[in-house]
Amino acid sequence: MAPARVDRRRRGHAPAVPAITTEDDGEEHHLNPFLDTAPSPSSRVQFRKVASRARWVEDAGAAEVVDSKGKLWLTTGVNRDGKLYYNVEEIGFLAERGALVLLDDEGETIGMEEIYKKIAGGNYGCSWVAFQAYKHLKLLGYIIGRYGVPWTVKHSHTRGITDSSTSVVDTDQSFDRVGGAGACNDITKSLKEMCIDSIHPSFQVYLPNSKFKKTSPGDPSFFLCLLRDKPPSRDELETVENRFEGIPLKFCHVDNGRVSFLSFDKAVLPSLP
Amino acid sequence: MDLPGPRWKKGKDGKDFAALAAANPMSAIFAELIASFTSSMPVAILSGTGGAAILGVEPEQAVILIRAAIGHAIENTLAEKHWFQLSPEEVFYLCHALNCIRVESEDKKQMYEVELWDHFRSVSEPFPVMYKAYSHLRLKNWVVRSGLQYGADFVAYSHHPALVHSEFAVVVVPEGAEFGNRCGRLKVWSDLLCALRASGSVAKTLLVLTISTVSNCELSSPDCLEQLVVHERTITRWMPQLCREQRCKPGRDHTNVSREEQVMKNKSVAFNYCGVILGFTVLSSLLVYKLKFRQ
């Protein structure tokens, strides 16, 4: 259920973050819906006075920002050839908060229902579960990007020229799950990865940071893996752990609106005297 | 045994919400839901791998959903419709039991009940028994929500969670070869006592719903629901050191200390004439409550 009170605090750079209160024993907060003065389900102040605008680009599976307002772009979206693109979970998050209007090729607004369908459909590298996890952390001020997708890439159309200072990943994969040149191959590849039962990182997460720069983001604080209906087996954990040295892994379980984060850290208990 | 009564929350005026709940019984809320939804048949969109679905409804329908404690409202500033996130059990209940929503898959295909059943079963093997337990309680007008944060399958409230604390932590245990050899709950002592402890520490009674089958039951079709039987049983701790008085009820773990003090105080008036009358009144009203509950 929606939180009982939403307090808005502004930090210097980051968008206002509503505080979500939870009790220790996990009881949900509920507004009493039987009172005459019960507030309507979505009576809340619009997040921003003026929204940014972005145009959906089907080939890219993302939206190109045409009109950017505020400082959201510092920690959201990826830069490709000097243009800013938002993927579906970013679009969903921003649109829900009134910070983004999504347009189609004719300049008509794409409504929330269509945006939710794009996310739920799973064809653009994100799923509803991933969206819940993304939203939960984003509301707390974390900086989140898709795993394996560089924040910024500059490359000309001729493959001979690459800008080594920005591109960490091979330019062929510059859009990866966001889409782009060779989008069909990348998207199918990422979908195949999603279908494989193995646990894999979905997001790279950075702690809230007013000095975050997409051109030199540094190492993420952790990678986030999404868990499905069963807890992970030892085998699955070891498989995914072996692929990463140094960067911690966190695991996320979504139970219909309730997002839990778990660590499954290897332990070595010392022998005691 | 006497089941514990509901613990009503209190409003701003200090009075508890029992009256408000009585004025708005769940049966009436669901009647309103069916009336309001069947004319428009809102469409829920399945969310693929997660197994849940999202449903967009008109504002007046949203109020009913909230009162029925179905789904989680999705915060959304500008959307015209109100959006809710539903669990698989909730989706199937609205679609199959109440016949008041339609469901579409991600590729905009309408999902009929058998396909929907298959879909939920493929996402989660225990879906048939979980749904049976969910619908069993909902049909009796209990409010059923996810109990994962308490280590249970569900939590059951006698009315809306804003008005009452939940009484039961529900664990569903399938019984029979049809359900395969998957490790069910409560098959070892550490698990049972863990469940008991976890529910007690949040002031809930552990309710075990065992699901058995009447005859050879084909889980691949929702028709099997009629072959599934739900057995209700609570597991509570009995503290012999506290129950030497006639009137003492078995307590939950966290209330043990106060009960002991109470019993000591009552000892001195136990054989008092007024005490006998009081005892008789208490016992007979418990009996009435018990009979009423069992109906």
# chains A, B, ... in the order shown; residues from 1 in each chain; ligands from 1
>>> interface_residues(of="chain A", to="chain B", cutoff="6 Å", atoms="only C-alpha atoms", output="PyMOL selection string")
chain A and resi 1-2+30+32-33+46+96-98+112+120-121+128-129+256
>>> select_by_dssp(residues="region 18-182 of chain B", states="strand (DSSP E or B)", output="PyMOL selection string")
chain B and resi 43-46+53-57+72-73+82-86+102-104+110-111+143-146+154-157+164-165+168-174
>>> write_last_selection(atoms="N, CA and C atoms", output="short mmCIF file (atom, residue, chain, number, x, y, z; two decimals), in the first residue's frame")
data_model
loop_
_atom_site.label_atom_id
_atom_site.label_comp_id
_atom_site.auth_asym_id
_atom_site.auth_seq_id
_atom_site.Cartn_x
_atom_site.Cartn_y
_atom_site.Cartn_z
N VAL B 43 -8.75 -4.63 -17.45
CA VAL B 43 -7.79 -5.62 -17.95
C VAL B 43 -6.49 -5.56 -17.16
N ALA B 44 -6.08 -6.70 -16.63
CA ALA B 44 -4.81 -6.77 -15.93
C ALA B 44 -3.74 -7.22 -16.92
N ILE B 45 -2.56 -6.62 -16.82
CA ILE B 45 -1.48 -6.95 -17.73
C ILE B 45 -0.47 -7.82 -16.98
N LEU B 46 -0.23 -9.01 -17.48
CA LEU B 46 0.73 -9.89 -16.82
C LEU B 46 2.13 -9.34 -16.96
N ALA B 53 0.87 -9.07 -11.79
CA ALA B 53 0.20 -8.36 -12.87
C ALA B 53 -0.08 -6.95 -12.42
N ILE B 54 -0.27 -6.06 -13.38
CA ILE B 54 -0.65 -4.70 -13.03
C ILE B 54 -2.03 -4.39 -13.61
N LEU B 55 -2.82 -3.67 -12.85
CA LEU B 55 -4.21 -3.41 -13.20
C LEU B 55 -4.48 -1.92 -13.07
N GLY B 56 -5.03 -1.35 -14.13
CA GLY B 56 -5.39 0.05 -14.09
C GLY B 56 -6.90 0.16 -13.97
N VAL B 57 -7.38 0.97 -13.01
CA VAL B 57 -8.83 1.08 -12.78
C VAL B 57 -9.23 2.53 -12.62
N HIS B 72 -1.35 -3.79 -4.33
CA HIS B 72 -0.59 -2.65 -3.81
C HIS B 72 -0.76 -1.51 -4.78
N ALA B 73 -1.12 -0.34 -4.27
CA ALA B 73 -1.27 0.81 -5.15
C ALA B 73 0.11 1.26 -5.61
N HIS B 82 -5.88 4.66 -11.89
CA HIS B 82 -5.13 4.29 -10.70
C HIS B 82 -4.56 2.91 -10.93
N TRP B 83 -3.27 2.74 -10.67
CA TRP B 83 -2.60 1.48 -10.98
C TRP B 83 -2.31 0.67 -9.74
N PHE B 84 -2.54 -0.63 -9.85
CA PHE B 84 -2.31 -1.54 -8.74
C PHE B 84 -1.46 -2.70 -9.22
N GLN B 85 -0.70 -3.21 -8.29
CA GLN B 85 0.11 -4.39 -8.54
C GLN B 85 -0.56 -5.55 -7.83
N LEU B 86 -0.78 -6.65 -8.55
CA LEU B 86 -1.50 -7.77 -7.95
C LEU B 86 -0.63 -9.00 -7.89
N ARG B 102 -10.42 -9.07 -16.81
CA ARG B 102 -9.82 -9.89 -17.85
C ARG B 102 -8.31 -9.77 -17.69
N VAL B 103 -7.59 -10.73 -18.26
CA VAL B 103 -6.13 -10.69 -18.13
C VAL B 103 -5.52 -10.78 -19.52
N GLU B 104 -4.50 -9.94 -19.74
CA GLU B 104 -3.79 -9.98 -21.02
C GLU B 104 -2.35 -10.34 -20.77
N GLN B 110 -5.44 -12.13 -24.96
CA GLN B 110 -6.25 -12.37 -23.77
C GLN B 110 -5.94 -13.75 -23.21
N MET B 111 -5.77 -13.81 -21.88
CA MET B 111 -5.47 -15.09 -21.24
C MET B 111 -6.76 -15.62 -20.61
N VAL B 143 -9.37 -11.26 5.13
CA VAL B 143 -8.47 -10.49 4.28
C VAL B 143 -7.12 -11.21 4.28
N VAL B 144 -6.63 -11.52 3.09
CA VAL B 144 -5.41 -12.33 2.98
C VAL B 144 -4.34 -11.53 2.24
N ARG B 145 -3.17 -11.41 2.87
CA ARG B 145 -2.07 -10.67 2.24
C ARG B 145 -0.82 -11.55 2.29
N SER B 146 0.21 -11.13 1.61
CA SER B 146 1.44 -11.91 1.63
C SER B 146 2.02 -11.94 3.03
N PHE B 154 1.05 -16.55 4.08
CA PHE B 154 0.08 -15.45 4.09
C PHE B 154 -0.08 -14.93 5.50
N VAL B 155 -0.68 -13.74 5.62
CA VAL B 155 -1.21 -13.31 6.91
C VAL B 155 -2.70 -13.07 6.70
N ALA B 156 -3.48 -13.41 7.70
CA ALA B 156 -4.93 -13.27 7.58
C ALA B 156 -5.43 -12.28 8.61
N TYR B 157 -6.25 -11.35 8.13
CA TYR B 157 -6.87 -10.34 8.99
C TYR B 157 -8.37 -10.54 8.97
N VAL B 164 -7.37 -3.42 11.85
CA VAL B 164 -7.16 -4.55 12.77
C VAL B 164 -5.76 -5.13 12.56
N HIS B 165 -5.18 -5.63 13.63
CA HIS B 165 -3.91 -6.35 13.50
C HIS B 165 -4.21 -7.75 13.00
N PHE B 168 -3.51 -14.14 12.16
CA PHE B 168 -2.90 -15.40 11.80
C PHE B 168 -1.76 -15.25 10.82
N ALA B 169 -0.68 -16.00 11.11
CA ALA B 169 0.37 -16.21 10.13
C ALA B 169 0.05 -17.57 9.52
N VAL B 170 -0.14 -17.61 8.22
CA VAL B 170 -0.64 -18.82 7.57
C VAL B 170 0.47 -19.55 6.83
N VAL B 171 0.62 -20.82 7.13
CA VAL B 171 1.58 -21.66 6.40
C VAL B 171 0.78 -22.74 5.67
N VAL B 172 1.06 -22.88 4.39
CA VAL B 172 0.31 -23.83 3.56
C VAL B 172 1.14 -25.08 3.37
N VAL B 173 0.55 -26.22 3.69
CA VAL B 173 1.30 -27.48 3.59
C VAL B 173 0.52 -28.45 2.69
N PRO B 174 1.06 -28.73 1.50
CA PRO B 174 0.36 -29.69 0.65
C PRO B 174 0.65 -31.11 1.12
#
>>> select_by_dssp(residues="region 39-139 of chain B", states="alpha helix (DSSP H)", output="PyMOL selection string")
chain B and resi 39-40+59-67+88-92+113-123+127-139
>>> residues_around(residues="region 82-94 of chain A", least_positions_apart="6", cutoff="6 Å", atoms="only C-alpha atoms", output="number ranges by chain")
A: 62-65, 100, 131
>>> write_last_selection(atoms="C-alpha atoms", output="PDB file, in the first residue's frame")
ATOM      1  CA  ALA A  62      14.957   3.689 -25.404  1.00  0.00           C
ATOM      2  CA  ALA A  63      13.870   7.315 -25.433  1.00  0.00           C
ATOM      3  CA  GLU A  64      16.018  10.141 -26.721  1.00  0.00           C
ATOM      4  CA  VAL A  65      15.742  13.161 -24.471  1.00  0.00           C
ATOM      5  CA  LEU A 100       9.172  13.104 -17.833  1.00  0.00           C
ATOM      6  CA  PHE A 131      11.564  -2.055 -12.329  1.00  0.00           C
TER       7      PHE A 131
END
>>> atom_distance(atom1="CA of Gln204 (chain A)", atom2="CA of Ile110 (chain A)")
28.2 Å
>>> closest_residue(among="B:Pro128, B:Pro6, B:Gly14, B:Pro25", to="Leu228 (chain B)", atoms="only C-alpha atoms")
B:Pro128
>>> closest_residue(among="A:Lys266, A:Ser198, A:Lys154, A:Phe261", to="Val240 (chain A)", atoms="only C-alpha atoms")
A:Ser198
>>> closest_residue(among="B:Asp16, B:Ser220, B:Met41, B:Ala133", to="Leu116 (chain B)", atoms="only C-alpha atoms")
B:Ser220
>>> residues_around(residues="Thr152 (chain A)", least_positions_apart="3", cutoff="6 Å", atoms="only C-alpha atoms", output="PyMOL selection string")
chain A and resi 78-80
>>> atom_distance(atom1="CA of Thr38 (chain B)", atom2="CA of Ile101 (chain B)")
7.2 Å
>>> residues_around(residues="Thr234 (chain B)", least_positions_apart="6", cutoff="7 Å", atoms="only C-alpha atoms", output="PDB file with C-alpha atoms, in the first residue's frame")
ATOM      1  CA  THR B 205      -1.252 -17.309  15.843  1.00  0.00           C
ATOM      2  CA  LEU B 206       0.283 -19.879  13.533  1.00  0.00           C
ATOM      3  CA  LEU B 207      -2.429 -21.254  11.277  1.00  0.00           C
ATOM      4  CA  VAL B 208      -1.521 -24.302   9.237  1.00  0.00           C
TER       5      VAL B 208
END
